Structures are given as C-alpha cells and as structure tokens.
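Student: This is the structure I want to talk about, given as structure tokens.
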Amino acid sequence: MAAHPPLPGRSVSLNPAKAESPPRWRSGAVAVALHLTLALIVTTPVIGTGMVGHPEVDVWNHAWGLWWFWDCFTHVRAPLYTTVLNAPAGGWLWFIDPIGAAFGMWWVPLVGLTAAWNLTLVALVTAASVAGAQLADAVGAGLRSRWIGAVGVAASAHVVSELHNGISEAVGVAWGVFALAALLRALANPERARGWVVTGLLGGLTLLGTYYYALSLALVAIAILLDALRTTPRRLLLRGVLLGAIPAACIAIPVVLLIHHTVADGETAIIPRQSGTWQERFWALEHNAVDPLSLVVPGNFQSVDLAALGESFRHSSYLGWLVLVPAWFAARRRLLWVAAVPLVLSLGPYLWCGGGWVELAGRRFALPYRLLLEVMPAEAIAHPQRIGFLGMALIAALGASAVSERWAPWVAGGLLVELLLVSPAPWPIAKTGELDTSYAEFIAAAEPEPTVRGAPLVVDIPAEAPGNGMASSRYLVFQAVHGRPIPYGPNVRKDCFRAFKSQAATAIVLGDPALLASMTSADFHRGELGWIALHTDLGDPDAGGTAALEARLRELLGAPRELGPVRLWDVRGLQPAAE
C-alpha cells in the first residue's frame with residue numbers, strides 16, 4: 001500500500017524519534033527549573049526576611065564565612081589568616097565550608113549577607129537534586145525515575161536537618177554523590193580515561209567540602225572496586241584508579257596541608273587542633289550517637305533528645321520507605337551491600353539503642369567504626385552519622401531504578417511528602433528572624449578603614465548568653481555590617497577570646513559587673529577598644545538580664561547611644577591608662 005502523502009504545510013522528518021523529542025536546550029532548561037523548584041520547596045521558607053537555619057545553632061558562623069571570603073577578596077588576601085577574629089591578635093583559620101563561601105561571597109555586595117546565605121543554600125540543594133538524578137541514572141533509572149533519586153538526596157531527612165542546623169558544608173552533599181555517579185560510569189566504560197579523571201576531580205572536591213563525605217566516598221569506592229574485580233580486568237581497574245588518584249591528590253594534598261597548618265599552632269590558630277584521645281572526647285560520641293532505628297522510624301524519633309539538653313540541633317538518618325522497599329528489587333541489588341558499609345559505620349563506635357549504649361557482659365557492644373578511631377584524629381569523631389550519607393543516596397538511587405516510568409512521578413511526589421512531613425526532618429525550616437543592624441551601620445560609618453590590623457575593636461556583650469545556645473554568635477553577622485575586628489572566635493563564648501592588654505577590656509568581655517567594680521575609665525587603652533555594644537535582648541532574664549552590667553558601664557563610661565536593643569559606647573576618645 002502506498003504511503004499517504006504529507007499534509008500541506010508540514011515538514012517531514014527522516015528521524016521520527018528526533019522529531020518527537022524537544023530540543024536539548026529546552027529539556028535542559030525544564031530540568032534545571034524543576035531541580036530549582038525542588039530546592040525552593042525543601043528550603044521553605046527561604047523567601048522573605050531572616051536567614052535559613054535555627055538561630056540557636058550554627059547559622060551565624062557559617063553565614064559569616066561568605067562575608068569573610070568577600071572581604072579577603074576585596075583586600076587581596078587568602079582566606080587563611082584573619083585579623084578580624086580573636087582581635088587584636090588574629091590568627092590562622094580554615095573556614096569549614098570553602099566551597100559554599102566561594103560561591104556565596106559574590107552575592108554579598110549585591111544583595112547583602114542574609115540573601116546571599118539563603119541563595120547559597122538554595123544552590124547547594126539544587127546541586128544535590130541534580131546529583132541525586134545523576135546517581136539514579138548511573139544505576140539504571142529511567143528518565144522519569146531519576147526524579148526519585150533527586151528527591152531522595154535533596155529532600156532527605158539528613159539534608160533538611162542540616163539546613164535547620166545552618167551547617168552549610170553538611171548540606172553540600174552534591175560533590176560526593178556526583179563522584180559516586182562518575183565512578184559507576186567509569187566502571188561501565190573502564191577503557192575511557194576521562195571517566196576516571198572526572199571521578200578523581202570530584203573526589204578531591206568532596207574532600208574540599210568536608211572530610212566526612214570524603215571518608216564516606218572512600219569507603220564506598222573501595223567496596224565498589226573490590227566488587228568490580230569479578231567482572232573488570234585488574235589491569236583496567238589499576239589504570240583507572242591511578243588516573244583518578246592524580247587529580248584527587250592534586251586537590252587533596254594542598255587541602256590537608258593547609259588544614260594542618262591552620263590548626264597546628266594553638267597560639268596562632270583561631271580553631272586549634274583539639275588535644276586528647278578519642279576516649280577523652282567520648283562525650284562528643286554520646287552527644288551524636290546514632291540509633292539504628294533512626295534509619296527507618298518515622299515521626300519525631302531522634303537518637304539523642306538534644307532538645308532535653310537545651311540544644312536545637314537536629315540530626316536524622318531516615319532513609320524513606322518509598323525508596324527502601326523498591327531498592328530491594330533493583331537490578332543491581334548487590335550495591336545494597338555497598339550502601340550498608342557507610343551506613344553501618346555511621347552508627348559510631350558502639351551500639352546505641354533506646355537512649356543508651358547497648359552492653360553485653362558489662363561491656364559496650366563495639367561496632368566497626370571503633371577501628372577507625374584508632375587511626376583518625378580526635379576531632380574527626382564528632383559526627384559519624386554524616387559518614388552514612390552516600391549509603392542513603394545510593395539506596396535512593398537503587399529505589400529509583402526499580403520503579404517503572406509509569407509510576408515514577410507518583411512515587412517521587414509521595415517520597416517528597418514522606419521525607420518532609422512524615423520523617424523526623426524539621427520542615428518547614430526554621431529561620432533566624434530579621435536583625436536590627438542599626439548599631440552596626442552606625443559603626444560602619446566611622447573611620448578608619450575597618451578591616452586593617454590595628455583598627456578599633458568592637459566588643460559585643462554578653463558573650464555566650466545563658467539559655468540562648470549559640471545565639472550570641474550572631475555578633476559575627478553584625479561584624480559583616482560594621483566590618484571592625486571583634487575579640488571572639490567563630491563561636492562567640494567567654495572562653496573563646498584572647499586576653500587584652502587592658503584588664504578592664506578583659507573584664508568587659510567576661511561581662512561580670514563585679515570584675516568591673518574596681519575599674520575606672522582610665523583603664524581603657526585608646527588603641528585597643530573602639531566600641532562597646534551591650535545587647536539588652538540577650539542575657540539571662542532570671543538573673544536580671546543585662547541590667548547590672550549596663551548600670552556599671554553607665555557609671556564608667558557615661559550615657560550610651562541607644563540604637564534599637566543595643567547600648568553603644570564609643571570609647572575611642574578615652575585616654576590610655578597612665579604608665
């Protein structure tokens with residue numbers, strides 16, 4: 001039978017498949033828009049005033065890093081040494097999230113620190129969504145099913161909890177997930193050098209982001225490579241590992257050396273290397289213990305009830321039943337044993353269940369992570385739960401690969417609801433609220449140029465306000481407005497500052513009116529202090545708040561300038577004490 005002639009005005013395609021598919025740029029734009037939409041849902045309520053993250057946790061010091069990177073860039077300085085913290089001495093500092101800060105710093109002069117921080121978190125979650133889809137694709141998921149992997153990573157209870165905590169480097173899961181996807185693709189075509197090189201580069205970036213995810217990636221990679229010995233010639237595997245190791249080492253070696261340099265000397269390090277063995281820091285393990293039930297129990301289940309301890313941190317390893325069940329039927333089910341490696345290690349050195357350590361014959365039940373502690377530095381023990389994330393991501397990808405294309409959109413939507421509303425994830429995310437920056441803006445208008453060494457210091461008090469967790473670390477965000485040095489480290493506490501030459505200045509930081517009783521205004525050195533900012537909205541209300549301290553400062557320094565909740569004293573003009 002003769003074919004029907006084409007209808008008038010219509011072109012005939014010689015490639016029907018190509019004619020049915022939209023242009024590549026259009027499908028790419030739609031995908032980016034969907035990943036961004038998912039990120040905006042996860043970071044709700046990112047729009048509006050205030051920073052994403054609970055005000056009594058780590059949001060302040062992590063957001064500060066964006067401003068510090070921008071300040072270093074504008075002054076042509078490497079972000080490794082600072083004179084704006086622990087002033088007037090300053091010191092070496094490796095900022096905990098260099099990738100997030102390097103991205104977010106460009107937004108600071110354009111939209112301000114608050115919006116820059118929120119944009120950075122949205123970008124990190126968007127990248128996590130893309131990475132989740134790529135990993136699902138790498139294990140065989142279809143075009144629609146990949147969105148299950150995207151949701152499983154970007155909206156995971158782990159990521160949502162770290163958004164709540166304001167810990168941006170823990171939100172930056174994308175690099176490890178990208179690296180794992182690249183490794184699986186490299187093994188699918190082991191002859192191609194490009195796949196191994198890309199894997200190595202992404203592995204190096206994972207370490208630059210955080211060593212917890214780098215350790216997780218290393219463990220998963222070893223397990224996958226050992227399994228690949230069954231089907232891949234050893235010569236190709238060895239060649240591929242060497243090709244990947246070169247770019248990974250080019251990133252990892254400088255990073256490790258710089259981190260070591262910035263923490264080695266306790267006198268010059270803003271955050272010195274923590275002394276003692278892991279046994280001496282065992283409290284950190286109990287504080288971050290992981291109950292195996294947290295992987296599967298929905299609701300508000302937390303391994304350790306930190307709220308009862310007066311803290312606002314949230315952590316969750318919840319996997320999601322809508323990916324866990326189908327993952328068991330995935331074509332590449334052997335990868336479930338690979339996923340189990342980081343998940344088991346994430347449980348820490350000893351088994352924790354039912355609110356305490358499990359004991360057998362009077363001894364704690366040891367787990368494999370216990371062996372790692374013998375070779376890891378003491379400061380690396382604090383968050384074993386993070387090591388499990390690549391196992392969580394791999395299970396989400398395997399679950400995606402087992403779901404048919406027909407049902408994929410429904411499963412992806414159901415998984416989003418499960419992770420955000422049924423899991424222990426604290427969603428919608430907490431926000432800090434809008435800060436009154438009037439006092440910082442007033443100081444910013446003064447001279448000299450703020451961030452040079454020797455500029456007058458701003459002393460914000462009280463430090464480590466009782467009952468407010470890390471709320472006093474918001475002084476770092478105020479610093480991003482006034483730009484003057486402050487005497488504190490990244491976590492504002494009374495024991496986190498270098499002593500001044502002036503006894504009166506030290507007494508001010510300690511915030512005890514009794515210590516100021518014998519001081520006079522002549523005890524303040526001209527070149528050391530610039531402003532004293534008393535925040536009346538902090539402090540212990542049961543102990544009278546800051547009233548006693550304000551009264552003594554008024555006696556010493558006269559009436560302050562009242563700018564919102566802050567009482568501000570300008571002490572630049574005071575005469576130095578007699579020699």
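Following the order of the structure tokens, chains are lettered A, B, ..., residues in each are numbered from 1, and ligands are numbered from 1.
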Would you pick out the contacts of Tyr488 (chain A) at 12 Å or less, using only C-alpha atoms, so that residues sharing its chain but fewer than 5 positions from it are not included, and give the list as a count of residues only?
Tutor: 38
Student: Got a sec: who's within 10 Å of Gly348 (chain A), counting only C-alpha atoms, leaving out chain neighbours fewer than 4 positions off, as a VMD selection string?
Tutor: chain A and resid 285 to 286 288 to 291 343 to 344 352 366 to 370 372 to 373 381 to 385 387
Student: Could you list, as a PDB file with N, CA, C and O atoms, in the first residue's frame, every residue within 12 Å of Leu420 (chain A), counting only C-alpha atoms and ignoring same-chain residues fewer than 2 positions away?
Tutor:
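The resulting out.pdb:
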ATOM      1  N   LEU A  38      12.353  22.140  43.288  1.00  0.00           N
ATOM      2  CA  LEU A  38      12.502  21.201  44.402  1.00  0.00           C
ATOM      3  C   LEU A  38      13.325  21.825  45.521  1.00  0.00           C
ATOM      4  O   LEU A  38      12.979  21.704  46.705  1.00  0.00           O
ATOM      5  N   ILE A  41      11.287  24.270  47.475  1.00  0.00           N
ATOM      6  CA  ILE A  41      10.350  23.594  48.376  1.00  0.00           C
ATOM      7  C   ILE A  41      11.081  23.106  49.627  1.00  0.00           C
ATOM      8  O   ILE A  41      10.618  23.306  50.757  1.00  0.00           O
ATOM      9  N   VAL A  42      12.244  22.499  49.422  1.00  0.00           N
ATOM     10  CA  VAL A  42      12.999  21.946  50.551  1.00  0.00           C
ATOM     11  C   VAL A  42      13.444  23.046  51.503  1.00  0.00           C
ATOM     12  O   VAL A  42      13.401  22.881  52.730  1.00  0.00           O
ATOM     13  N   THR A  43      13.867  24.191  50.966  1.00  0.00           N
ATOM     14  CA  THR A  43      14.389  25.269  51.812  1.00  0.00           C
ATOM     15  C   THR A  43      13.306  26.218  52.313  1.00  0.00           C
ATOM     16  O   THR A  43      13.623  27.247  52.906  1.00  0.00           O
ATOM     17  N   THR A  44      12.043  25.878  52.095  1.00  0.00           N
ATOM     18  CA  THR A  44      10.944  26.706  52.615  1.00  0.00           C
ATOM     19  C   THR A  44      11.123  26.940  54.110  1.00  0.00           C
ATOM     20  O   THR A  44      11.421  26.000  54.857  1.00  0.00           O
ATOM     21  N   VAL A 151      14.833  13.588  44.532  1.00  0.00           N
ATOM     22  CA  VAL A 151      14.107  13.863  45.774  1.00  0.00           C
ATOM     23  C   VAL A 151      14.780  13.168  46.949  1.00  0.00           C
ATOM     24  O   VAL A 151      14.936  13.743  48.043  1.00  0.00           O
ATOM     25  N   GLY A 152      15.211  11.919  46.744  1.00  0.00           N
ATOM     26  CA  GLY A 152      15.812  11.149  47.819  1.00  0.00           C
ATOM     27  C   GLY A 152      17.083  11.763  48.371  1.00  0.00           C
ATOM     28  O   GLY A 152      17.422  11.559  49.535  1.00  0.00           O
ATOM     29  N   ALA A 154      18.078  15.425  47.664  1.00  0.00           N
ATOM     30  CA  ALA A 154      17.891  16.841  48.004  1.00  0.00           C
ATOM     31  C   ALA A 154      16.925  17.048  49.153  1.00  0.00           C
ATOM     32  O   ALA A 154      17.085  17.992  49.947  1.00  0.00           O
ATOM     33  N   ALA A 155      15.895  16.196  49.253  1.00  0.00           N
ATOM     34  CA  ALA A 155      14.896  16.357  50.310  1.00  0.00           C
ATOM     35  C   ALA A 155      15.093  15.352  51.434  1.00  0.00           C
ATOM     36  O   ALA A 155      14.206  15.183  52.272  1.00  0.00           O
ATOM     37  N   SER A 156      16.245  14.697  51.469  1.00  0.00           N
ATOM     38  CA  SER A 156      16.493  13.698  52.505  1.00  0.00           C
ATOM     39  C   SER A 156      16.384  14.320  53.890  1.00  0.00           C
ATOM     40  O   SER A 156      16.638  15.515  54.085  1.00  0.00           O
ATOM     41  N   ALA A 157      16.006  13.498  54.851  1.00  0.00           N
ATOM     42  CA  ALA A 157      15.909  13.990  56.227  1.00  0.00           C
ATOM     43  C   ALA A 157      17.257  14.507  56.714  1.00  0.00           C
ATOM     44  O   ALA A 157      17.317  15.446  57.516  1.00  0.00           O
ATOM     45  N   HIS A 158      18.334  13.924  56.221  1.00  0.00           N
ATOM     46  CA  HIS A 158      19.673  14.374  56.597  1.00  0.00           C
ATOM     47  C   HIS A 158      19.918  15.809  56.122  1.00  0.00           C
ATOM     48  O   HIS A 158      20.357  16.664  56.905  1.00  0.00           O
ATOM     49  N   VAL A 159      19.640  16.075  54.851  1.00  0.00           N
ATOM     50  CA  VAL A 159      19.871  17.420  54.308  1.00  0.00           C
ATOM     51  C   VAL A 159      18.957  18.439  54.978  1.00  0.00           C
ATOM     52  O   VAL A 159      19.389  19.545  55.334  1.00  0.00           O
ATOM     53  N   VAL A 160      17.696  18.092  55.167  1.00  0.00           N
ATOM     54  CA  VAL A 160      16.753  19.022  55.794  1.00  0.00           C
ATOM     55  C   VAL A 160      17.194  19.334  57.223  1.00  0.00           C
ATOM     56  O   VAL A 160      17.118  20.488  57.676  1.00  0.00           O
ATOM     57  N   SER A 161      17.677  18.339  57.944  1.00  0.00           N
ATOM     58  CA  SER A 161      18.158  18.573  59.310  1.00  0.00           C
ATOM     59  C   SER A 161      19.348  19.516  59.319  1.00  0.00           C
ATOM     60  O   SER A 161      19.444  20.403  60.180  1.00  0.00           O
ATOM     61  N   PRO A 298       9.699   6.625  61.387  1.00  0.00           N
ATOM     62  CA  PRO A 298       9.202   7.966  61.042  1.00  0.00           C
ATOM     63  C   PRO A 298       8.808   8.736  62.287  1.00  0.00           C
ATOM     64  O   PRO A 298       9.121   8.337  63.410  1.00  0.00           O
ATOM     65  N   GLY A 299       8.111   9.842  62.080  1.00  0.00           N
ATOM     66  CA  GLY A 299       7.691  10.661  63.213  1.00  0.00           C
ATOM     67  C   GLY A 299       8.814  11.547  63.698  1.00  0.00           C
ATOM     68  O   GLY A 299       9.664  11.985  62.929  1.00  0.00           O
ATOM     69  N   ASN A 300       8.843  11.801  64.992  1.00  0.00           N
ATOM     70  CA  ASN A 300       9.826  12.728  65.566  1.00  0.00           C
ATOM     71  C   ASN A 300      10.952  11.991  66.278  1.00  0.00           C
ATOM     72  O   ASN A 300      11.541  12.496  67.230  1.00  0.00           O
ATOM     73  N   SER A 316      19.254  13.445  61.445  1.00  0.00           N
ATOM     74  CA  SER A 316      18.404  12.329  61.060  1.00  0.00           C
ATOM     75  C   SER A 316      19.067  11.520  59.955  1.00  0.00           C
ATOM     76  O   SER A 316      19.635  12.079  59.018  1.00  0.00           O
ATOM     77  N   TYR A 318      17.129   9.043  58.484  1.00  0.00           N
ATOM     78  CA  TYR A 318      15.950   8.375  57.933  1.00  0.00           C
ATOM     79  C   TYR A 318      16.099   8.155  56.427  1.00  0.00           C
ATOM     80  O   TYR A 318      16.433   9.070  55.682  1.00  0.00           O
ATOM     81  N   LEU A 319      15.847   6.922  55.983  1.00  0.00           N
ATOM     82  CA  LEU A 319      16.057   6.548  54.585  1.00  0.00           C
ATOM     83  C   LEU A 319      14.850   6.822  53.698  1.00  0.00           C
ATOM     84  O   LEU A 319      14.999   7.280  52.561  1.00  0.00           O
ATOM     85  N   GLY A 320      13.674   6.517  54.181  1.00  0.00           N
ATOM     86  CA  GLY A 320      12.459   6.656  53.368  1.00  0.00           C
ATOM     87  C   GLY A 320      12.011   5.308  52.842  1.00  0.00           C
ATOM     88  O   GLY A 320      12.702   4.664  52.048  1.00  0.00           O
ATOM     89  N   GLY A 413       6.608  12.126  44.097  1.00  0.00           N
ATOM     90  CA  GLY A 413       5.783  13.027  44.901  1.00  0.00           C
ATOM     91  C   GLY A 413       5.513  12.474  46.284  1.00  0.00           C
ATOM     92  O   GLY A 413       5.572  13.196  47.285  1.00  0.00           O
ATOM     93  N   GLY A 414       5.222  11.166  46.354  1.00  0.00           N
ATOM     94  CA  GLY A 414       4.986  10.551  47.654  1.00  0.00           C
ATOM     95  C   GLY A 414       6.228  10.563  48.530  1.00  0.00           C
ATOM     96  O   GLY A 414       6.145  10.776  49.742  1.00  0.00           O
ATOM     97  N   LEU A 415       7.398  10.350  47.904  1.00  0.00           N
ATOM     98  CA  LEU A 415       8.638  10.382  48.660  1.00  0.00           C
ATOM     99  C   LEU A 415       8.907  11.779  49.216  1.00  0.00           C
ATOM    100  O   LEU A 415       9.378  11.921  50.350  1.00  0.00           O
ATOM    101  N   LEU A 416       8.601  12.803  48.428  1.00  0.00           N
ATOM    102  CA  LEU A 416       8.781  14.168  48.907  1.00  0.00           C
ATOM    103  C   LEU A 416       7.914  14.429  50.135  1.00  0.00           C
ATOM    104  O   LEU A 416       8.375  15.028  51.124  1.00  0.00           O
ATOM    105  N   VAL A 417       6.673  13.962  50.086  1.00  0.00           N
ATOM    106  CA  VAL A 417       5.772  14.126  51.234  1.00  0.00           C
ATOM    107  C   VAL A 417       6.298  13.327  52.429  1.00  0.00           C
ATOM    108  O   VAL A 417       6.316  13.821  53.565  1.00  0.00           O
ATOM    109  N   GLU A 418       6.749  12.096  52.184  1.00  0.00           N
ATOM    110  CA  GLU A 418       7.261  11.270  53.283  1.00  0.00           C
ATOM    111  C   GLU A 418       8.467  11.908  53.956  1.00  0.00           C
ATOM    112  O   GLU A 418       8.546  11.972  55.191  1.00  0.00           O
ATOM    113  N   VAL A 422       6.562  13.248  57.027  1.00  0.00           N
ATOM    114  CA  VAL A 422       6.427  12.030  57.826  1.00  0.00           C
ATOM    115  C   VAL A 422       7.714  11.701  58.568  1.00  0.00           C
ATOM    116  O   VAL A 422       7.688  11.182  59.682  1.00  0.00           O
ATOM    117  N   SER A 423       8.843  12.022  57.972  1.00  0.00           N
ATOM    118  CA  SER A 423      10.136  11.705  58.584  1.00  0.00           C
ATOM    119  C   SER A 423      10.422  12.644  59.758  1.00  0.00           C
ATOM    120  O   SER A 423       9.699  13.618  59.976  1.00  0.00           O
ATOM    121  N   PRO A 424      11.522  12.400  60.488  1.00  0.00           N
ATOM    122  CA  PRO A 424      11.886  13.308  61.588  1.00  0.00           C
ATOM    123  C   PRO A 424      12.433  14.652  61.127  1.00  0.00           C
ATOM    124  O   PRO A 424      12.816  15.474  61.969  1.00  0.00           O
ATOM    125  N   ALA A 425      12.486  14.902  59.835  1.00  0.00           N
ATOM    126  CA  ALA A 425      13.050  16.150  59.323  1.00  0.00           C
ATOM    127  C   ALA A 425      12.274  17.359  59.842  1.00  0.00           C
ATOM    128  O   ALA A 425      11.039  17.376  59.776  1.00  0.00           O
ATOM    129  N   PRO A 426      12.956  18.386  60.369  1.00  0.00           N
ATOM    130  CA  PRO A 426      12.277  19.585  60.891  1.00  0.00           C
ATOM    131  C   PRO A 426      11.906  20.544  59.758  1.00  0.00           C
ATOM    132  O   PRO A 426      12.607  21.511  59.486  1.00  0.00           O
ATOM    133  N   TRP A 427      10.805  20.254  59.102  1.00  0.00           N
ATOM    134  CA  TRP A 427      10.371  21.056  57.956  1.00  0.00           C
ATOM    135  C   TRP A 427       8.973  21.575  58.221  1.00  0.00           C
ATOM    136  O   TRP A 427       8.158  20.858  58.798  1.00  0.00           O
ATOM    137  N   PRO A 428       8.666  22.834  57.844  1.00  0.00           N
ATOM    138  CA  PRO A 428       9.500  23.854  57.201  1.00  0.00           C
ATOM    139  C   PRO A 428      10.698  24.252  58.060  1.00  0.00           C
ATOM    140  O   PRO A 428      10.662  24.142  59.283  1.00  0.00           O
ATOM    141  N   ILE A 429      11.729  24.732  57.378  1.00  0.00           N
ATOM    142  CA  ILE A 429      12.980  25.045  58.044  1.00  0.00           C
ATOM    143  C   ILE A 429      12.805  26.263  58.952  1.00  0.00           C
ATOM    144  O   ILE A 429      12.084  27.207  58.623  1.00  0.00           O
TER     145      ILE A 429
END
Student: As an exercise, work out the distance from CA of Phe178 (chain A) to CA of Leu207 (chain A) in Å and give it to one decimal place.
Tutor: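 Interatomic distance, CA of Phe178 (chain A) to CA of Leu207 (chain A): 12.8 Å.
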Student: Any idea what's packed within 8 Å of Leu568 (chain A), counting only C-alpha atoms, ignoring anything in its chain fewer than 5 positions away? Could you give it as an NGL selection string?
Tutor: :A and (439 or 531-534 or 560-563)
Student: With N, CA, C and O atoms retained, write the just-selected residues as an mmCIF file, in the first residue's frame.
Tutor:
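Once everything was written out, this is selection04.cif:
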data_model
loop_
_atom_site.group_PDB
_atom_site.id
_atom_site.type_symbol
_atom_site.label_atom_id
_atom_site.label_comp_id
_atom_site.auth_asym_id
_atom_site.auth_seq_id
_atom_site.Cartn_x
_atom_site.Cartn_y
_atom_site.Cartn_z
ATOM 1 N N TYR A 439 22.953 49.617 64.988
ATOM 2 C CA TYR A 439 24.198 49.969 65.684
ATOM 3 C C TYR A 439 25.412 49.641 64.822
ATOM 4 O O TYR A 439 26.406 50.368 64.807
ATOM 5 N N TRP A 531 34.483 50.372 70.311
ATOM 6 C CA TRP A 531 33.094 50.468 70.742
ATOM 7 C C TRP A 531 32.749 49.290 71.645
ATOM 8 O O TRP A 531 33.268 48.180 71.474
ATOM 9 N N ILE A 532 31.899 49.557 72.594
ATOM 10 C CA ILE A 532 31.326 48.506 73.435
ATOM 11 C C ILE A 532 29.828 48.482 73.156
ATOM 12 O O ILE A 532 29.134 49.489 73.333
ATOM 13 N N ALA A 533 29.349 47.327 72.685
ATOM 14 C CA ALA A 533 27.941 47.187 72.304
ATOM 15 C C ALA A 533 27.275 46.186 73.248
ATOM 16 O O ALA A 533 27.597 44.987 73.225
ATOM 17 N N LEU A 534 26.387 46.683 74.077
ATOM 18 C CA LEU A 534 25.669 45.828 75.016
ATOM 19 C C LEU A 534 24.299 45.482 74.417
ATOM 20 O O LEU A 534 23.477 46.366 74.167
ATOM 21 N N PRO A 560 25.075 55.805 77.126
ATOM 22 C CA PRO A 560 25.359 55.230 75.812
ATOM 23 C C PRO A 560 24.434 55.806 74.749
ATOM 24 O O PRO A 560 23.436 56.469 75.045
ATOM 25 N N ARG A 561 24.755 55.533 73.502
ATOM 26 C CA ARG A 561 23.840 55.792 72.391
ATOM 27 C C ARG A 561 22.923 54.583 72.278
ATOM 28 O O ARG A 561 23.392 53.442 72.224
ATOM 29 N N GLU A 562 21.633 54.812 72.255
ATOM 30 C CA GLU A 562 20.675 53.714 72.184
ATOM 31 C C GLU A 562 20.244 53.520 70.734
ATOM 32 O O GLU A 562 19.619 54.394 70.127
ATOM 33 N N LEU A 563 20.596 52.361 70.189
ATOM 34 C CA LEU A 563 20.278 52.018 68.802
ATOM 35 C C LEU A 563 19.562 50.675 68.794
ATOM 36 O O LEU A 563 20.191 49.619 68.847
#
Student: Point out the residue among A:Ala116, A:Met470, A:Ala141, A:Val52 with the least atom-to-atom distance to Glu311 (chain A), counting only C-alpha atoms.
Tutor: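 Selected residue with least distance to Glu311 (chain A): A:Met470.
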Student: Please list as a PDB file with all heavy atoms, in the first residue's frame every residue within 8 Å of Pro79 (chain A), counting only C-alpha atoms and excluding residues in the same chain fewer than 4 positions away.
Tutor:
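Full text of part-v7.pdb as output:
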ATOM      1  N   TRP A  68      33.437  36.981  55.008  1.00  0.00           N
ATOM      2  CA  TRP A  68      34.883  36.962  55.198  1.00  0.00           C
ATOM      3  C   TRP A  68      35.608  36.665  53.891  1.00  0.00           C
ATOM      4  O   TRP A  68      36.619  37.297  53.570  1.00  0.00           O
ATOM      5  CB  TRP A  68      35.261  35.928  56.262  1.00  0.00           C
ATOM      6  CG  TRP A  68      36.738  35.911  56.556  1.00  0.00           C
ATOM      7  CD1 TRP A  68      37.525  36.981  56.869  1.00  0.00           C
ATOM      8  CD2 TRP A  68      37.591  34.773  56.549  1.00  0.00           C
ATOM      9  NE1 TRP A  68      38.825  36.576  57.065  1.00  0.00           N
ATOM     10  CE2 TRP A  68      38.897  35.224  56.881  1.00  0.00           C
ATOM     11  CE3 TRP A  68      37.388  33.411  56.316  1.00  0.00           C
ATOM     12  CZ2 TRP A  68      39.981  34.353  56.964  1.00  0.00           C
ATOM     13  CZ3 TRP A  68      38.462  32.548  56.419  1.00  0.00           C
ATOM     14  CH2 TRP A  68      39.743  33.031  56.731  1.00  0.00           C
ATOM     15  N   PHE A  69      35.099  35.732  53.103  1.00  0.00           N
ATOM     16  CA  PHE A  69      35.710  35.448  51.802  1.00  0.00           C
ATOM     17  C   PHE A  69      35.660  36.675  50.905  1.00  0.00           C
ATOM     18  O   PHE A  69      36.636  36.982  50.204  1.00  0.00           O
ATOM     19  CB  PHE A  69      35.007  34.267  51.136  1.00  0.00           C
ATOM     20  CG  PHE A  69      35.653  32.943  51.401  1.00  0.00           C
ATOM     21  CD1 PHE A  69      35.928  32.534  52.704  1.00  0.00           C
ATOM     22  CD2 PHE A  69      35.992  32.087  50.363  1.00  0.00           C
ATOM     23  CE1 PHE A  69      36.521  31.307  52.963  1.00  0.00           C
ATOM     24  CE2 PHE A  69      36.597  30.867  50.598  1.00  0.00           C
ATOM     25  CZ  PHE A  69      36.857  30.465  51.900  1.00  0.00           C
ATOM     26  N   CYS A  72      38.213  39.212  52.172  1.00  0.00           N
ATOM     27  CA  CYS A  72      39.569  38.815  51.770  1.00  0.00           C
ATOM     28  C   CYS A  72      39.801  39.073  50.292  1.00  0.00           C
ATOM     29  O   CYS A  72      40.887  39.510  49.886  1.00  0.00           O
ATOM     30  CB  CYS A  72      39.798  37.334  52.087  1.00  0.00           C
ATOM     31  SG  CYS A  72      39.913  36.952  53.850  1.00  0.00           S
ATOM     32  N   LEU A  93      42.969  30.532  60.151  1.00  0.00           N
ATOM     33  CA  LEU A  93      41.620  29.961  60.155  1.00  0.00           C
ATOM     34  C   LEU A  93      41.342  29.267  58.825  1.00  0.00           C
ATOM     35  O   LEU A  93      41.456  29.878  57.764  1.00  0.00           O
ATOM     36  CB  LEU A  93      40.569  31.052  60.385  1.00  0.00           C
ATOM     37  CG  LEU A  93      39.102  30.606  60.285  1.00  0.00           C
ATOM     38  CD1 LEU A  93      38.765  29.634  61.417  1.00  0.00           C
ATOM     39  CD2 LEU A  93      38.162  31.797  60.309  1.00  0.00           C
ATOM     40  N   TRP A  94      40.991  27.985  58.900  1.00  0.00           N
ATOM     41  CA  TRP A  94      40.470  27.270  57.740  1.00  0.00           C
ATOM     42  C   TRP A  94      38.957  27.289  57.868  1.00  0.00           C
ATOM     43  O   TRP A  94      38.389  26.642  58.747  1.00  0.00           O
ATOM     44  CB  TRP A  94      40.987  25.829  57.690  1.00  0.00           C
ATOM     45  CG  TRP A  94      40.360  25.031  56.577  1.00  0.00           C
ATOM     46  CD1 TRP A  94      39.257  24.231  56.647  1.00  0.00           C
ATOM     47  CD2 TRP A  94      40.791  24.985  55.212  1.00  0.00           C
ATOM     48  NE1 TRP A  94      38.972  23.688  55.427  1.00  0.00           N
ATOM     49  CE2 TRP A  94      39.901  24.127  54.520  1.00  0.00           C
ATOM     50  CE3 TRP A  94      41.836  25.582  54.508  1.00  0.00           C
ATOM     51  CZ2 TRP A  94      40.036  23.853  53.160  1.00  0.00           C
ATOM     52  CZ3 TRP A  94      41.973  25.308  53.154  1.00  0.00           C
ATOM     53  CH2 TRP A  94      41.079  24.460  52.497  1.00  0.00           C
ATOM     54  N   PHE A  95      38.292  28.037  56.994  1.00  0.00           N
ATOM     55  CA  PHE A  95      36.836  28.110  57.080  1.00  0.00           C
ATOM     56  C   PHE A  95      36.248  26.760  56.711  1.00  0.00           C
ATOM     57  O   PHE A  95      36.652  26.127  55.733  1.00  0.00           O
ATOM     58  CB  PHE A  95      36.292  29.211  56.172  1.00  0.00           C
ATOM     59  CG  PHE A  95      34.802  29.360  56.259  1.00  0.00           C
ATOM     60  CD1 PHE A  95      34.212  29.762  57.439  1.00  0.00           C
ATOM     61  CD2 PHE A  95      33.988  29.064  55.177  1.00  0.00           C
ATOM     62  CE1 PHE A  95      32.834  29.867  57.543  1.00  0.00           C
ATOM     63  CE2 PHE A  95      32.619  29.174  55.260  1.00  0.00           C
ATOM     64  CZ  PHE A  95      32.032  29.579  56.449  1.00  0.00           C
TER      65      PHE A  95
END
